[in-house]
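Trainee: Contents of data-v8.pdb (PDB, C-alpha atoms):
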```
ATOM      1  CA  MET A  19     -31.166 -29.487  -1.855
ATOM      2  CA  LYS A  20     -31.990 -26.031  -3.233
ATOM      3  CA  PHE A  21     -31.770 -24.576   0.269
ATOM      4  CA  LYS A  22     -28.217 -25.923   0.756
ATOM      5  CA  GLY A  23     -27.143 -24.484  -2.591
ATOM      6  CA  ILE A  24     -28.555 -21.070  -1.741
ATOM      7  CA  CYS A  25     -26.878 -21.131   1.694
ATOM      8  CA  LEU A  26     -23.533 -22.056   0.112
ATOM      9  CA  LEU A  27     -23.907 -19.253  -2.441
ATOM     10  CA  ILE A  28     -24.674 -16.705   0.296
ATOM     11  CA  LEU A  29     -21.760 -17.928   2.412
ATOM     12  CA  ALA A  30     -19.357 -17.763  -0.563
ATOM     13  CA  THR A  31     -20.518 -14.218  -1.346
ATOM     14  CA  ILE A  32     -19.922 -13.099   2.249
ATOM     15  CA  VAL A  33     -16.458 -14.674   2.357
ATOM     16  CA  LEU A  34     -15.405 -13.186  -0.995
ATOM     17  CA  SER A  35     -16.695  -9.713  -0.159
ATOM     18  CA  SER A  36     -14.883  -9.698   3.182
ATOM     19  CA  CYS A  37     -11.616 -10.673   1.450
ATOM     20  CA  ASN A  38     -11.811  -7.656  -0.852
ATOM     21  CA  LYS A  39     -11.952  -5.072   1.944
ATOM     22  CA  GLN A  40      -8.757  -3.169   2.603
ATOM     23  CA  LYS A  41      -7.543  -2.846   6.171
ATOM     24  CA  VAL A  42      -7.573   0.875   6.993
ATOM     25  CA  TYR A  43      -4.919   2.055   9.471
ATOM     26  CA  PHE A  44      -5.682   5.771   9.263
ATOM     27  CA  THR A  45      -8.377   7.960   7.764
ATOM     28  CA  GLN A  46      -9.022  11.667   8.145
ATOM     29  CA  ASN A  47     -11.349  14.017   6.291
ATOM     30  CA  TYR A  48     -10.986  17.733   5.542
ATOM     31  CA  THR A  49     -14.160  19.541   4.423
ATOM     32  CA  PHE A  50     -14.312  22.822   2.496
ATOM     33  CA  GLU A  51     -16.986  25.336   3.417
ATOM     34  CA  ASN A  52     -19.604  25.713   0.658
ATOM     35  CA  GLY A  53     -17.624  23.333  -1.590
ATOM     36  CA  ILE A  54     -14.963  25.963  -2.320
ATOM     37  CA  TRP A  55     -11.250  25.414  -1.754
ATOM     38  CA  PRO A  56      -9.544  28.805  -1.228
ATOM     39  CA  ARG A  57      -6.447  28.840  -3.484
ATOM     40  CA  PHE A  58      -3.871  29.443  -0.752
ATOM     41  CA  GLU A  59      -5.417  27.175   1.900
ATOM     42  CA  HIS A  60      -3.183  24.164   2.489
ATOM     43  CA  VAL A  61      -4.740  20.942   3.709
ATOM     44  CA  LYS A  62      -2.631  19.228   6.363
ATOM     45  CA  PHE A  63      -2.722  15.746   7.839
ATOM     46  CA  GLU A  64      -0.517  14.116  10.479
ATOM     47  CA  VAL A  65      -0.294  10.379   9.803
ATOM     48  CA  PRO A  66       1.208   7.910  12.320
ATOM     49  CA  ILE A  67       3.094   5.063  10.630
ATOM     50  CA  ASN A  68       4.378   1.861  12.236
ATOM     51  CA  PRO A  69       7.139  -0.410  10.936
ATOM     52  CA  ASP A  70       5.035  -3.587  11.113
ATOM     53  CA  ASN A  71       3.090  -3.092   7.896
ATOM     54  CA  SER A  72       3.280  -2.330   4.200
ATOM     55  CA  TYR A  73       1.045   0.604   3.188
ATOM     56  CA  ASP A  74      -0.665   2.413   0.359
ATOM     57  CA  MET A  75      -1.547   6.073   0.931
ATOM     58  CA  ILE A  76      -4.748   7.103  -0.835
ATOM     59  CA  LEU A  77      -6.219  10.553  -1.376
ATOM     60  CA  GLU A  78      -9.941  10.825  -2.061
ATOM     61  CA  VAL A  79     -11.448  13.961  -3.594
ATOM     62  CA  ASN A  80     -15.186  14.434  -3.148
ATOM     63  CA  TYR A  81     -16.552  16.818  -5.755
ATOM     64  CA  ASP A  82     -19.780  18.173  -7.176
ATOM     65  CA  PRO A  83     -20.930  16.897 -10.611
ATOM     66  CA  ASN A  84     -21.426  20.536 -11.696
ATOM     67  CA  ILE A  85     -17.651  20.826 -11.879
ATOM     68  CA  ASN A  86     -16.553  22.773 -14.953
ATOM     69  CA  TYR A  87     -12.901  21.668 -15.148
ATOM     70  CA  ASN A  88     -11.381  18.226 -15.716
ATOM     71  CA  VAL A  89      -8.118  18.230 -13.756
ATOM     72  CA  LEU A  90      -7.291  19.211 -10.188
ATOM     73  CA  PRO A  91      -3.524  19.930  -9.967
ATOM     74  CA  LEU A  92      -2.021  19.240  -6.535
ATOM     75  CA  HIS A  93       1.386  19.390  -4.873
ATOM     76  CA  ILE A  94       1.701  16.931  -2.031
ATOM     77  CA  ILE A  95       4.563  17.503   0.382
ATOM     78  CA  THR A  96       5.439  14.703   2.810
ATOM     79  CA  THR A  97       7.753  15.444   5.743
ATOM     80  CA  THR A  98       8.899  12.767   8.188
ATOM     81  CA  ASP A  99       9.839  13.213  11.855
ATOM     82  CA  ASP A 100      13.525  13.185  10.936
ATOM     83  CA  GLY A 101      13.071  16.041   8.436
ATOM     84  CA  GLU A 102      13.076  14.141   5.134
ATOM     85  CA  GLU A 103      10.840  15.966   2.661
ATOM     86  CA  ARG A 104       9.304  14.643  -0.552
ATOM     87  CA  ILE A 105       7.379  16.801  -2.994
ATOM     88  CA  LYS A 106       5.278  15.272  -5.721
ATOM     89  CA  GLU A 107       2.917  16.826  -8.240
ATOM     90  CA  PHE A 108      -0.339  15.059  -9.070
ATOM     91  CA  GLN A 109      -2.920  15.714 -11.741
ATOM     92  CA  PHE A 110      -6.209  14.385 -10.385
ATOM     93  CA  ARG A 111      -8.298  13.772 -13.522
ATOM     94  CA  LEU A 112     -11.802  14.137 -12.092
ATOM     95  CA  LYS A 113     -13.607  13.810 -15.385
ATOM     96  CA  ASP A 114     -12.986  13.037 -19.004
ATOM     97  CA  ALA A 115     -14.678  14.699 -21.956
ATOM     98  CA  TYR A 116     -17.891  12.729 -21.510
ATOM     99  CA  GLU A 117     -17.863  11.102 -18.090
ATOM    100  CA  PHE A 118     -17.019  11.635 -14.442
ATOM    101  CA  ARG A 119     -14.304   9.604 -12.769
ATOM    102  CA  GLY A 120     -15.007   8.164  -9.357
ATOM    103  CA  GLU A 121     -17.912   6.695  -7.479
ATOM    104  CA  MET A 122     -21.327   8.375  -7.253
ATOM    105  CA  GLN A 123     -22.371   8.904  -3.627
ATOM    106  CA  ASP A 124     -25.906   8.762  -2.213
ATOM    107  CA  ASN A 125     -25.918  12.563  -1.771
ATOM    108  CA  GLY A 126     -25.239  13.137  -5.507
ATOM    109  CA  THR A 127     -21.538  13.984  -5.174
ATOM    110  CA  ILE A 128     -18.685  11.966  -6.680
ATOM    111  CA  THR A 129     -15.642  10.583  -4.860
ATOM    112  CA  TYR A 130     -12.473   9.953  -6.838
ATOM    113  CA  SER A 131      -9.630   7.969  -5.216
ATOM    114  CA  GLN A 132      -5.994   7.865  -6.223
ATOM    115  CA  VAL A 133      -2.990   6.161  -4.645
ATOM    116  CA  ILE A 134      -0.427   8.879  -3.908
ATOM    117  CA  ARG A 135       2.188   6.539  -2.458
ATOM    118  CA  ALA A 136       2.191   2.804  -3.091
ATOM    119  CA  ASN A 137       3.519  -0.190  -1.219
ATOM    120  CA  PHE A 138       5.884   1.375   1.289
ATOM    121  CA  SER A 139       6.987   0.682   4.834
ATOM    122  CA  VAL A 140       9.216   2.305   7.435
ATOM    123  CA  ASN A 141      12.051   1.001   9.642
ATOM    124  CA  GLN A 142      10.783   2.694  12.819
ATOM    125  CA  ALA A 143       7.578   4.302  14.046
ATOM    126  CA  THR A 144       7.207   7.825  12.678
ATOM    127  CA  LYS A 145       4.703  10.480  11.654
ATOM    128  CA  TYR A 146       4.235  11.721   8.118
ATOM    129  CA  ASN A 147       3.135  15.339   7.913
ATOM    130  CA  ILE A 148       1.201  15.688   4.681
ATOM    131  CA  ASP A 149       0.714  19.180   3.203
ATOM    132  CA  ILE A 150      -1.553  19.400   0.149
ATOM    133  CA  GLU A 151      -1.597  22.525  -1.967
ATOM    134  CA  CYS A 152      -3.848  23.091  -4.976
ATOM    135  CA  PHE A 153      -2.426  24.747  -8.085
ATOM    136  CA  TYR A 154      -5.704  25.445  -9.852
ATOM    137  CA  PRO A 155      -5.132  28.850 -11.500
ATOM    138  CA  LYS A 156      -7.958  30.761  -9.785
ATOM    139  CA  TYR A 157      -8.357  32.236  -6.313
ATOM    140  CA  GLU A 158     -11.301  29.992  -5.418
ATOM    141  CA  ILE A 159     -11.476  26.376  -6.531
ATOM    142  CA  PRO A 160     -15.192  25.574  -6.800
ATOM    143  CA  PHE A 161     -17.002  22.240  -6.535
ATOM    144  CA  ILE A 162     -14.465  20.545  -4.226
ATOM    145  CA  ASN A 163     -16.314  19.370  -1.117
ATOM    146  CA  SER A 164     -13.648  17.472   0.780
ATOM    147  CA  LEU A 165     -10.374  15.580   0.805
ATOM    148  CA  THR A 166      -9.891  12.316   2.684
ATOM    149  CA  LEU A 167      -6.496  10.795   3.329
ATOM    150  CA  LYS A 168      -6.319   7.049   4.012
ATOM    151  CA  LEU A 169      -3.507   4.734   4.946
ATOM    152  CA  VAL A 170      -4.384   1.152   3.991
ATOM    153  CA  LYS A 171      -2.686  -2.223   3.898
ATOM    154  CA  ALA A 172      -0.819  -2.578   0.598
ATOM    155  CA  PRO A 173      -2.196  -5.445  -1.510
ATOM    156  CA  SER A 174       1.265  -6.587  -2.622
ATOM    157  CA  SER A 175       3.803  -8.426  -0.496
ATOM    158  CA  LYS A 176       6.756  -6.600  -2.048
ATOM    159  CA  VAL A 177       7.896  -4.003   0.444
ATOM    160  CA  LYS A 178       9.854  -0.891  -0.399
ATOM    161  CA  LYS A 179      11.495   0.442   2.785
ATOM    162  CA  ASN A 180      11.785   4.218   3.197
TER     163      ASN A 180
END
```
If you took the structure in this file and wrote it as structure tokens, what would it be?

Mentor:
Amino acid sequence: MKFKGICLLILATIVLSSCNKQKVYFTQNYTFENGIWPRFEHVKFEVPINPDNSYDMILEVNYDPNINYNVLPLHIITTTDDGEERIKEFQFRLKDAYEFRGEMQDNGTITYSQVIRANFSVNQATKYNIDIECFYPKYEIPFINSLTLKLVKAPSSKVKKN
């Protein structure tokens, strides 16, 4: 009897953990040499988007825990194939007064994720050209190891067409 209970518990855990995983349609990483983002270096991604799905676009910042500033200010410019351009400013709060924000990685760095565009879809297949510019007020932005852009299935069924 105990064996059946343990097997059911293991099976339930596997099923529940697989339900929580997001379907990833696109992921791309951009790494900065020596963990330094040069102030005028734009990070660019080209993201294919299909009309069959509802998406969330997520930006992950991997940073060093020696970071000596709390906020990473970014401008994210999205341009579609047909020339529509959207510019949005983000304040990535990487740490608070007493704690880091994000998930500690095995290599000792921290990865912070933020949705930069939620629950959207398109009417026809297109490409989004994403241009990310940092507005940190110094020439070199230290302790930033990489940026990863992900396009995942939106958890909500409400779809906002763009």

Trainee: How would you write, as a PyMOL selection string, the residues chosen by the PyMOL selection byres ((chain A and resi 51) around 12) on this structure?

Mentor: chain A and resi 48-50+52-56+59+158-164

Trainee: Using only C-alpha atoms for the distances, tell me which of A:Asn147, A:Thr45, A:Asn141, A:Thr166 is nearest to Pro69 in chain A.

Mentor: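 Closest residue, counting only C-alpha atoms: A:Asn141.
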
Trainee: Identify which of the residues A:Lys106, A:Phe118, A:Leu92, A:Val42 lies closest to Phe58 in chain A, counting all atoms listed in the file when measuring atom-to-atom distances.

Mentor: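 Under the stated criterion, the closest residue is A:Leu92.
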
Trainee: If we draw a sphere of 10 Å around (-12.0, 5.8, -5.4), which residues have at least one atom in it when counting all atoms listed in the file? Please report them as a list in words.

Mentor: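 Those within range, by chain then number, are Ile76, Leu77, Glu78, Val79, Asn80, Arg119, Gly120, Glu121, Met122, Ile128, Thr129, Tyr130, Ser131, Gln132 and Val133 of chain A.
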
Trainee: CA of Ile134 in chain A to CA of Asp99 in chain A: how many Å, to one decimal?

Mentor: 19.3 Å

Trainee: Just the number, please: distance in Å from CA of Leu112 in chain A to CA of Thr98 in chain A, one decimal.

Mentor: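 So the answer is 29.0 Å.
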
Trainee: In Å, with one decimal, what is the gap from CA of Gly126 in chain A to CA of Glu151 in chain A?

Mentor: 25.7 Å

Trainee: Selection in question (the file shown): the PyMOL selection byres ((chain A and resi 145) around 8). Which residues does it include, as a list in words?

Mentor: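 Selected by the PyMOL selection byres ((chain A and resi 145) around 8) in this file: Glu64, Val65, Pro66, Ile67, Thr98, Asp99, Ala143, Thr144, Tyr146 and Asn147 of chain A.
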
Trainee: Would you write out, as a PyMOL selection string, every residue that the PyMOL selection byres ((chain A and resi 137) around 6) captures in this file?

Mentor: chain A and resi 72-74+136+138+172

Trainee: Output, as lines of an AutoDock Vina configuration file, the centre and edge lengths in Å (one decimal) of the axis-aligned box that contains all listed atoms of range 107-118 of chain A with 6 Å of margin on each side.

Mentor:
```
center_x = -7.5
center_y = 14.0
center_z = -15.1
size_x = 32.8
size_y = 17.7
size_z = 25.7
```

Trainee: Identify the residues around (0.3, 13.3, -1.9) within a radius of 8 Å, measuring from only C-alpha atoms in the coordinates stated by the file, and give them as a list in words.

Mentor: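 Returned residue set, sorted by chain then number, is Met75, Leu77, Leu92, His93, Ile94, Ile95, Thr96, Ile105, Lys106, Glu107, Phe108, Ile134, Arg135, Ile148, Asp149 and Ile150 of chain A.
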
Trainee: Using all atoms listed in the file, which residue out of A:Lys113, A:Asp124, A:Lys168, A:Lys41 lies closest to Asn86 in chain A?

Mentor: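 The answer is A:Lys113, which sits nearest to Asn86 in chain A.
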
Trainee: Given the choices A:Asn71, A:Ser139, A:Gln123, A:Gln109, which gets closest to Cys152 in chain A if the distance is worked out from only C-alpha atoms?

Mentor: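 Ranking A:Asn71, A:Ser139, A:Gln123, A:Gln109 by distance to Cys152 in chain A, first place goes to A:Gln109.
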
Trainee: Which residue is closest to Pro83 in chain A? Choose from A:Thr97, A:Asn47, A:Asn68, A:Asn125 and count all atoms listed in the file.

Mentor: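 Using all atoms listed in the file, the shortest distance to Pro83 in chain A belongs to A:Asn125.
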